[in-house]
Every structure is written in C-alpha cells, then in structure tokens.
$ cat work_13.txt   # compact mmCIF, C-alpha atoms
# COMPACT_ATOMS: atom_id res chain seq x y z
CA VAL O 1 12.21 -32.81 -8.55
CA LEU O 2 10.51 -34.98 -11.15
CA ASP O 3 9.30 -31.93 -13.07
CA ALA O 4 12.78 -30.36 -12.94
CA LEU O 5 14.40 -33.58 -14.21
CA SER O 6 12.29 -33.41 -17.40
CA ILE O 7 12.96 -37.05 -18.17
CA ARG O 8 10.10 -38.66 -20.05
CA MET O 9 9.01 -42.10 -18.86
CA GLY O 10 10.17 -44.64 -21.42
CA ALA O 11 12.83 -42.35 -22.92
CA PRO O 12 15.90 -44.22 -24.22
CA MET O 13 18.61 -44.37 -21.53
CA THR O 14 21.34 -43.31 -23.94
CA GLY O 15 19.49 -40.12 -24.86
CA ILE O 16 19.24 -38.80 -21.29
CA ASP O 17 21.51 -35.81 -20.61
CA LEU O 18 22.49 -36.45 -16.97
CA HIS O 19 24.48 -33.21 -16.71
CA GLU O 20 21.51 -31.11 -17.84
CA ALA O 21 19.08 -33.01 -15.56
CA THR O 22 21.44 -32.45 -12.60
CA ARG O 23 21.71 -28.74 -13.42
CA ARG O 24 17.91 -28.32 -13.55
CA VAL O 25 17.35 -30.05 -10.19
CA ALA O 26 20.20 -28.07 -8.58
CA THR O 27 18.34 -24.81 -9.35
CA LEU O 28 15.49 -25.72 -6.98
CA PRO O 29 15.62 -23.55 -3.81
CA ARG O 30 15.41 -26.47 -1.40
CA VAL O 31 18.14 -28.53 -3.08
CA ALA O 32 21.60 -28.32 -1.51
CA GLY O 33 23.11 -31.08 -3.59
CA VAL O 34 22.05 -33.55 -6.28
CA GLU O 35 23.43 -36.54 -8.16
CA VAL O 36 21.71 -38.13 -11.13
CA GLU O 37 22.87 -41.45 -12.55
CA ARG O 38 21.72 -44.18 -14.89
CA ASP O 39 20.78 -47.51 -13.33
CA TRP O 40 20.81 -49.93 -16.24
CA PRO O 41 18.78 -51.35 -17.82
CA GLY O 42 15.96 -48.81 -17.51
CA SER O 43 16.06 -46.53 -14.44
CA VAL O 44 17.44 -43.16 -13.46
CA VAL O 45 18.42 -42.68 -9.80
CA VAL O 46 18.32 -39.20 -8.26
CA TRP O 47 20.03 -38.46 -4.94
CA VAL O 48 18.99 -35.15 -3.37
CA VAL O 49 20.34 -33.41 -0.27
CA GLU O 50 17.62 -31.05 0.94
CA ARG O 51 18.31 -27.66 2.49
CA VAL O 52 16.96 -27.34 6.03
CA ALA O 53 15.42 -24.16 7.42
CA VAL O 54 17.34 -22.83 10.45
CA VAL O 55 15.82 -19.34 10.90
CA ASN O 56 12.82 -17.20 10.12
CA ALA O 57 13.89 -13.98 8.37
CA THR O 58 11.58 -10.99 8.67
CA ASP O 59 11.99 -7.75 6.71
CA PRO O 60 10.68 -4.26 7.57
CA SER O 61 7.54 -4.79 5.46
CA GLY O 62 6.64 -7.83 7.58
CA ARG O 63 7.40 -10.46 4.94
CA THR O 64 8.80 -13.65 6.42
CA ALA O 65 10.92 -16.30 4.75
CA LEU O 66 12.66 -19.46 5.88
CA LEU O 67 16.46 -19.46 5.46
CA ASP O 68 18.99 -22.26 5.60
CA ALA O 69 22.41 -22.05 7.28
CA ASP O 70 23.91 -20.46 4.15
CA GLY O 71 21.31 -17.67 4.02
CA MET O 72 19.41 -19.25 1.10
CA VAL O 73 15.75 -18.23 0.95
CA LEU O 74 13.84 -21.51 0.91
CA ASP O 75 10.26 -20.29 0.96
CA HIS O 76 8.06 -17.37 1.93
CA VAL O 77 5.69 -18.15 4.80
CA ASP O 78 2.64 -16.44 6.27
CA GLY O 79 3.85 -16.74 9.85
CA ALA O 80 7.14 -17.47 11.54
CA ASP O 81 7.94 -21.08 12.41
CA PRO O 82 7.76 -21.08 16.24
CA GLY O 83 10.47 -23.74 16.40
CA LEU O 84 13.08 -21.52 14.73
CA PRO O 85 14.83 -18.32 15.85
CA THR O 86 13.85 -15.13 14.03
CA VAL O 87 16.34 -12.72 12.47
CA ARG O 88 15.58 -9.27 11.10
CA VAL O 89 16.89 -8.52 7.60
CA ASP O 90 16.63 -5.60 5.17
CA GLY O 91 14.70 -7.67 2.66
CA VAL O 92 13.77 -11.23 1.83
CA GLY O 93 14.36 -12.15 -1.78
CA ARG O 94 12.54 -14.73 -3.81
CA PRO O 95 13.10 -18.42 -3.04
CA GLY O 96 16.49 -19.49 -4.34
CA THR O 97 18.09 -16.13 -3.49
CA ARG O 98 21.07 -16.18 -1.12
CA LEU O 99 21.06 -13.29 1.36
CA THR O 100 24.59 -12.07 2.04
CA GLY O 101 26.20 -10.56 5.13
CA LEU O 102 24.18 -12.70 7.53
CA ALA O 103 27.01 -14.78 9.03
CA PRO O 104 26.90 -13.12 12.49
CA LEU O 105 23.10 -13.42 12.67
CA LEU O 106 23.16 -17.06 11.57
CA ASP O 107 25.97 -17.84 14.05
CA ALA O 108 24.00 -16.19 16.87
CA ALA O 109 20.83 -18.06 15.87
CA ASP O 110 22.75 -21.33 15.89
CA ALA O 111 23.84 -20.63 19.48
CA VAL O 112 20.30 -20.07 20.80
CA THR O 113 19.53 -22.86 23.24
CA GLY O 114 16.09 -24.26 24.01
CA ASP O 115 15.79 -22.36 27.30
CA LEU O 116 16.69 -19.05 25.59
CA ALA O 117 14.39 -19.54 22.60
CA ALA O 118 11.33 -18.60 24.68
CA TRP O 119 13.00 -15.32 25.69
CA ILE O 120 14.38 -14.15 22.34
CA VAL O 121 11.91 -12.42 20.02
CA ALA O 122 14.45 -11.63 17.29
CA LEU O 123 18.13 -11.27 16.51
CA VAL O 124 19.05 -7.99 14.84
CA PRO O 125 22.24 -6.86 13.09
CA THR O 126 23.96 -3.77 14.49
CA GLY O 127 27.13 -1.89 13.70
CA ALA O 128 28.74 -3.60 16.69
CA GLY O 129 27.57 -7.14 15.88
CA VAL O 130 24.24 -8.65 16.94
CA ARG O 131 21.53 -7.55 19.32
CA ALA O 132 18.84 -9.83 20.77
CA GLU O 133 15.39 -8.41 21.40
CA LEU O 134 13.81 -10.14 24.37
CA VAL O 135 10.23 -10.55 25.46
CA GLY O 136 9.26 -7.40 27.34
CA GLY O 137 11.40 -5.11 25.21
CA VAL O 138 14.77 -5.73 26.84
CA GLU O 139 17.68 -5.43 24.39
CA VAL O 140 20.78 -7.58 24.73
CA ASP O 141 24.06 -6.59 23.09
CA LEU O 142 25.79 -9.79 21.97
CA GLY O 143 28.63 -8.01 20.20
CA MET O 144 30.67 -9.62 17.44
CA GLY O 145 31.24 -13.13 18.76
CA ASN O 146 33.02 -16.03 17.13
CA SER O 147 30.26 -18.54 17.72
CA TYR O 148 28.07 -16.68 20.25
CA ARG O 149 27.96 -19.75 22.51
CA ASP O 150 29.71 -17.94 25.38
CA GLU O 151 27.49 -14.88 24.95
CA MET O 152 24.34 -17.03 25.04
CA ARG O 153 25.63 -18.88 28.10
CA ALA O 154 26.21 -15.54 29.87
CA LEU O 155 22.72 -14.37 28.88
CA ALA O 156 21.15 -17.60 30.19
CA THR O 157 22.96 -17.15 33.50
CA ILE O 158 21.61 -13.62 33.87
CA LEU O 159 18.05 -14.59 32.95
CA HIS O 160 18.03 -17.50 35.40
CA ARG O 161 19.95 -16.00 38.33
CA VAL O 162 19.43 -12.24 38.37
CA GLU O 163 16.37 -10.32 39.59
CA LEU O 164 14.77 -9.31 36.29
CA SER O 165 12.54 -6.46 37.43
CA CYS O 166 13.38 -3.05 35.97
CA ILE O 167 15.99 -4.41 33.50
CA VAL O 168 16.09 -2.41 30.26
CA GLY O 169 19.33 -3.68 28.77
CA ILE O 170 21.94 -6.38 29.04
CA ASP O 171 25.41 -6.40 27.52
CA VAL O 172 27.12 -9.78 27.19
CA SER O 173 29.47 -8.73 24.39
CA VAL O 174 32.30 -9.33 26.88
CA HIS O 175 30.81 -12.57 28.14
CA ASP O 176 33.08 -12.79 31.20
CA ILE O 177 31.89 -9.38 32.40
CA PRO O 178 28.16 -9.04 31.60
CA VAL O 179 26.47 -5.72 32.37
CA VAL O 180 22.83 -5.31 33.39
CA ARG O 181 21.19 -1.89 33.03
CA ARG O 182 18.13 -1.12 35.12
CA ASP O 183 15.68 1.77 34.99
CA ASP O 184 14.36 2.38 38.48
CA LEU O 185 11.85 4.90 37.12
CA ARG O 186 10.06 2.10 35.22
CA CYS O 187 9.47 0.12 38.42
$ encode --input "work_13.txt" --output "structure tokens"
Amino acid sequence: VLDALSIRMGAPMTGIDLHEATRRVATLPRVAGVEVERDWPGSVVVWVVERVAVVNATDPSGRTALLDADGMVLDHVDGADPGLPTVRVDGVGRPGTRLTGLAPLLDAADAVTGDLAAWIVALVPTGAGVRAELVGGVEVDLGMGNSYRDEMRALATILHRVELSCIVGIDVSVHDIPVVRRDDLRC
C-alpha cells in the first residue's frame, strides 16, 4: 500500500494528489475499498478494506488461485487452502482479474457448512447449475439454487442418515425430494 501511494516522506501536504493516490491503491488485487485523506498538519491517513478469500479456484492445468466473493483473483497459490471450498474454473487469471459467470459456484460455496466441507472435494459448474464432487467419487447434482442452503441441508441429511455403501450419485436439485442412485455391481 505504501509503495502504491507513492507519497514521499516529507512531501508538502498541499502537493499531494489524493485522488491519484487513491486510484493507485485501489488497483491492488487485495483492496476492496480505499480512502486517502490529509490529516493536518503533516500526515496522510489511508483506510483500506481488504478483500477476503472465500474459495480456492482450480483450472484444468492445475493452477490454483484464491478468489473473493466477487470472483476477484487475489493471489496464485501452490496448494489449495484447506479451510476454503474449492471450485473448478476454466482458467485463473492474474491477480486483480475478476472471473465472470461464477455466481452459482460462489453461492454454492457460501452454503457449504463445516460438516459438509470434509465431504466436498470440489464444486463444478454444469449446464444445469452446480455439481459437488464428493470424497470417493460420488457426484451430487445441486441444480440451480437461489442460495443453495436448502440443497446443502438435504445433502447433509443424506450423508448423515442414509446407508452410504454403493452410492454413485445424489440429486438434491429438488431439495424436498432428494434422489440417491446406487450401483449394486460396485458393492
């Protein structure tokens, strides 16, 4: 932030272009909002609202980036943050790039509860909404939900109350009527 401000220590207060300093800081990938103001007689105060990573985004080449709730690429990372859900995307841009068309994935990731996080390997976009890939290769169709809270609640109920052996697929896209598909040949 200090480098982006480009305000020299001891510079005259009247010569500081606050608008330009604000613009430079606002271009930083992790900055969601910024205010720069003079604090007479000789200080400049900078207020920064930092973007917070909410998901890991992984592309087909295996590159992983941290994204905020708006789909802004915050940083590329070597490994996924285990505390965040993972979403699969077509490509991760450079930090500061906003990935578009991710609203359903980000909504589904926001609805992942602590007990489901251990089960869900990744959330994937589909033509019919979002699919969750679970540990063990089971695929869960979440559909095109509004907030995905009901779909995640239905999934949690199935995972905690249904015999899980031989399950190959779960459909909670109609959360009131979940469907479990089994493959008896796999058992």
$ residues_near_point --input "work_13.txt" --point "(14.8, -11.9, 16.7)" --cutoff "8 Å" --atoms "only C-alpha atoms" --output "number ranges by chain"
O: 85-88, 120-124, 132-134
$ axis_aligned_box --input "work_13.txt" --around "segment 8-23 of chain O" --padding-each-side "6 Å" --output "JSON"
{"center_x": 16.7, "center_y": -36.7, "center_z": -18.7, "size_x": 27.5, "size_y": 27.9, "size_z": 24.3}
$ residues_around --input "work_13.txt" --residues "segment 25-37 of chain O" --least-positions-apart "6" --cutoff "8 Å" --atoms "only C-alpha atoms" --output "PDB file with C-alpha atoms, in the coordinates of the input"
ATOM      1  CA  VAL O   1      12.210 -32.810  -8.550  1.00  0.00           C
ATOM      2  CA  ALA O   4      12.780 -30.360 -12.940  1.00  0.00           C
ATOM      3  CA  LEU O   5      14.400 -33.580 -14.210  1.00  0.00           C
ATOM      4  CA  LEU O  18      22.490 -36.450 -16.970  1.00  0.00           C
ATOM      5  CA  HIS O  19      24.480 -33.210 -16.710  1.00  0.00           C
ATOM      6  CA  VAL O  44      17.440 -43.160 -13.460  1.00  0.00           C
ATOM      7  CA  VAL O  45      18.420 -42.680  -9.800  1.00  0.00           C
ATOM      8  CA  VAL O  46      18.320 -39.200  -8.260  1.00  0.00           C
ATOM      9  CA  TRP O  47      20.030 -38.460  -4.940  1.00  0.00           C
ATOM     10  CA  VAL O  48      18.990 -35.150  -3.370  1.00  0.00           C
ATOM     11  CA  VAL O  49      20.340 -33.410  -0.270  1.00  0.00           C
ATOM     12  CA  GLU O  50      17.620 -31.050   0.940  1.00  0.00           C
ATOM     13  CA  ARG O  51      18.310 -27.660   2.490  1.00  0.00           C
ATOM     14  CA  VAL O  52      16.960 -27.340   6.030  1.00  0.00           C
ATOM     15  CA  MET O  72      19.410 -19.250   1.100  1.00  0.00           C
ATOM     16  CA  VAL O  73      15.750 -18.230   0.950  1.00  0.00           C
ATOM     17  CA  LEU O  74      13.840 -21.510   0.910  1.00  0.00           C
ATOM     18  CA  ASP O  75      10.260 -20.290   0.960  1.00  0.00           C
ATOM     19  CA  PRO O  95      13.100 -18.420  -3.040  1.00  0.00           C
ATOM     20  CA  GLY O  96      16.490 -19.490  -4.340  1.00  0.00           C
ATOM     21  CA  THR O  97      18.090 -16.130  -3.490  1.00  0.00           C
TER      22      THR O  97
END
$ residues_near_point --input "work_13.txt" --point "(19.4, -9.3, 39.4)" --cutoff "12 Å" --atoms "only C-alpha atoms" --output "ChimeraX atom specification"
/O:157-168,170,178-182
$ atom_distance --input "work_13.txt" --atom1 "atom CA of Gly91 of chain O" --atom2 "atom CA of Ser147 of chain O"
24.2 Å
$ atom_distance --input "work_13.txt" --atom1 "atom CA of Asp176 of chain O" --atom2 "atom CA of Ala109 of chain O"
20.3 Å
$ atom_distance --input "work_13.txt" --atom1 "atom CA of Asp68 of chain O" --atom2 "atom CA of Asp81 of chain O"
13.0 Å
$ closest_residue --input "work_13.txt" --among "O:Asp17, O:Asp171, O:Asp110, O:Asp59" --to "Leu84 of chain O" --atoms "only C-alpha atoms"
O:Asp110
$ closest_residue --input "work_13.txt" --among "O:Ala103, O:Met144, O:Ala154, O:Val89" --to "Leu116 of chain O" --atoms "only C-alpha atoms"
O:Ala154
$ closest_residue --input "work_13.txt" --among "O:Ala80, O:Val138, O:Met152, O:Ala108" --to "Gly169 of chain O" --atoms "all atoms listed in the file"
O:Val138
$ closest_residue --input "work_13.txt" --among "O:Leu66, O:Met13, O:Val54, O:Ala21" --to "Gly42 of chain O" --atoms "only C-alpha atoms"
O:Met13
$ residues_around --input "work_13.txt" --residues "Asp3 of chain O" --least-positions-apart "4" --cutoff "10 Å" --atoms "all atoms listed in the file" --output "ChimeraX atom specification"
/O:7-8,24-25
$ closest_residue --input "work_13.txt" --among "O:Arg153, O:Ala118, O:Tyr148, O:Ser43" --to "Val135 of chain O" --atoms "all atoms listed in the file"
O:Ala118
$ decode --input "work_13.txt" --residues "segment 40-62 of chain O" --atoms "C-alpha atoms" --output "mmCIF file, in the first residue's frame"
data_model
loop_
_atom_site.group_PDB
_atom_site.id
_atom_site.type_symbol
_atom_site.label_atom_id
_atom_site.label_comp_id
_atom_site.auth_asym_id
_atom_site.auth_seq_id
_atom_site.Cartn_x
_atom_site.Cartn_y
_atom_site.Cartn_z
ATOM 1 C CA TRP O 40 -3.129 18.275 9.081
ATOM 2 C CA PRO O 41 -0.516 19.369 9.860
ATOM 3 C CA GLY O 42 1.699 16.645 8.377
ATOM 4 C CA SER O 43 0.095 13.196 7.964
ATOM 5 C CA VAL O 44 -1.804 11.254 5.352
ATOM 6 C CA VAL O 45 -4.326 8.676 6.590
ATOM 7 C CA VAL O 46 -5.165 5.654 4.441
ATOM 8 C CA TRP O 47 -8.212 3.482 5.161
ATOM 9 C CA VAL O 48 -8.204 0.144 3.335
ATOM 10 C CA VAL O 49 -10.892 -2.532 3.167
ATOM 11 C CA GLU O 50 -9.165 -5.790 2.271
ATOM 12 C CA ARG O 51 -10.692 -8.458 0.050
ATOM 13 C CA VAL O 52 -11.075 -11.811 1.795
ATOM 14 C CA ALA O 53 -10.528 -15.156 0.080
ATOM 15 C CA VAL O 54 -13.675 -17.323 0.119
ATOM 16 C CA VAL O 55 -12.757 -20.122 -2.333
ATOM 17 C CA ASN O 56 -9.867 -21.893 -3.985
ATOM 18 C CA ALA O 57 -10.271 -21.860 -7.777
ATOM 19 C CA THR O 58 -8.546 -24.603 -9.746
ATOM 20 C CA ASP O 59 -8.264 -24.689 -13.538
ATOM 21 C CA PRO O 60 -7.711 -27.709 -15.825
ATOM 22 C CA SER O 61 -3.941 -27.136 -15.858
ATOM 23 C CA GLY O 62 -3.859 -27.479 -12.062
#
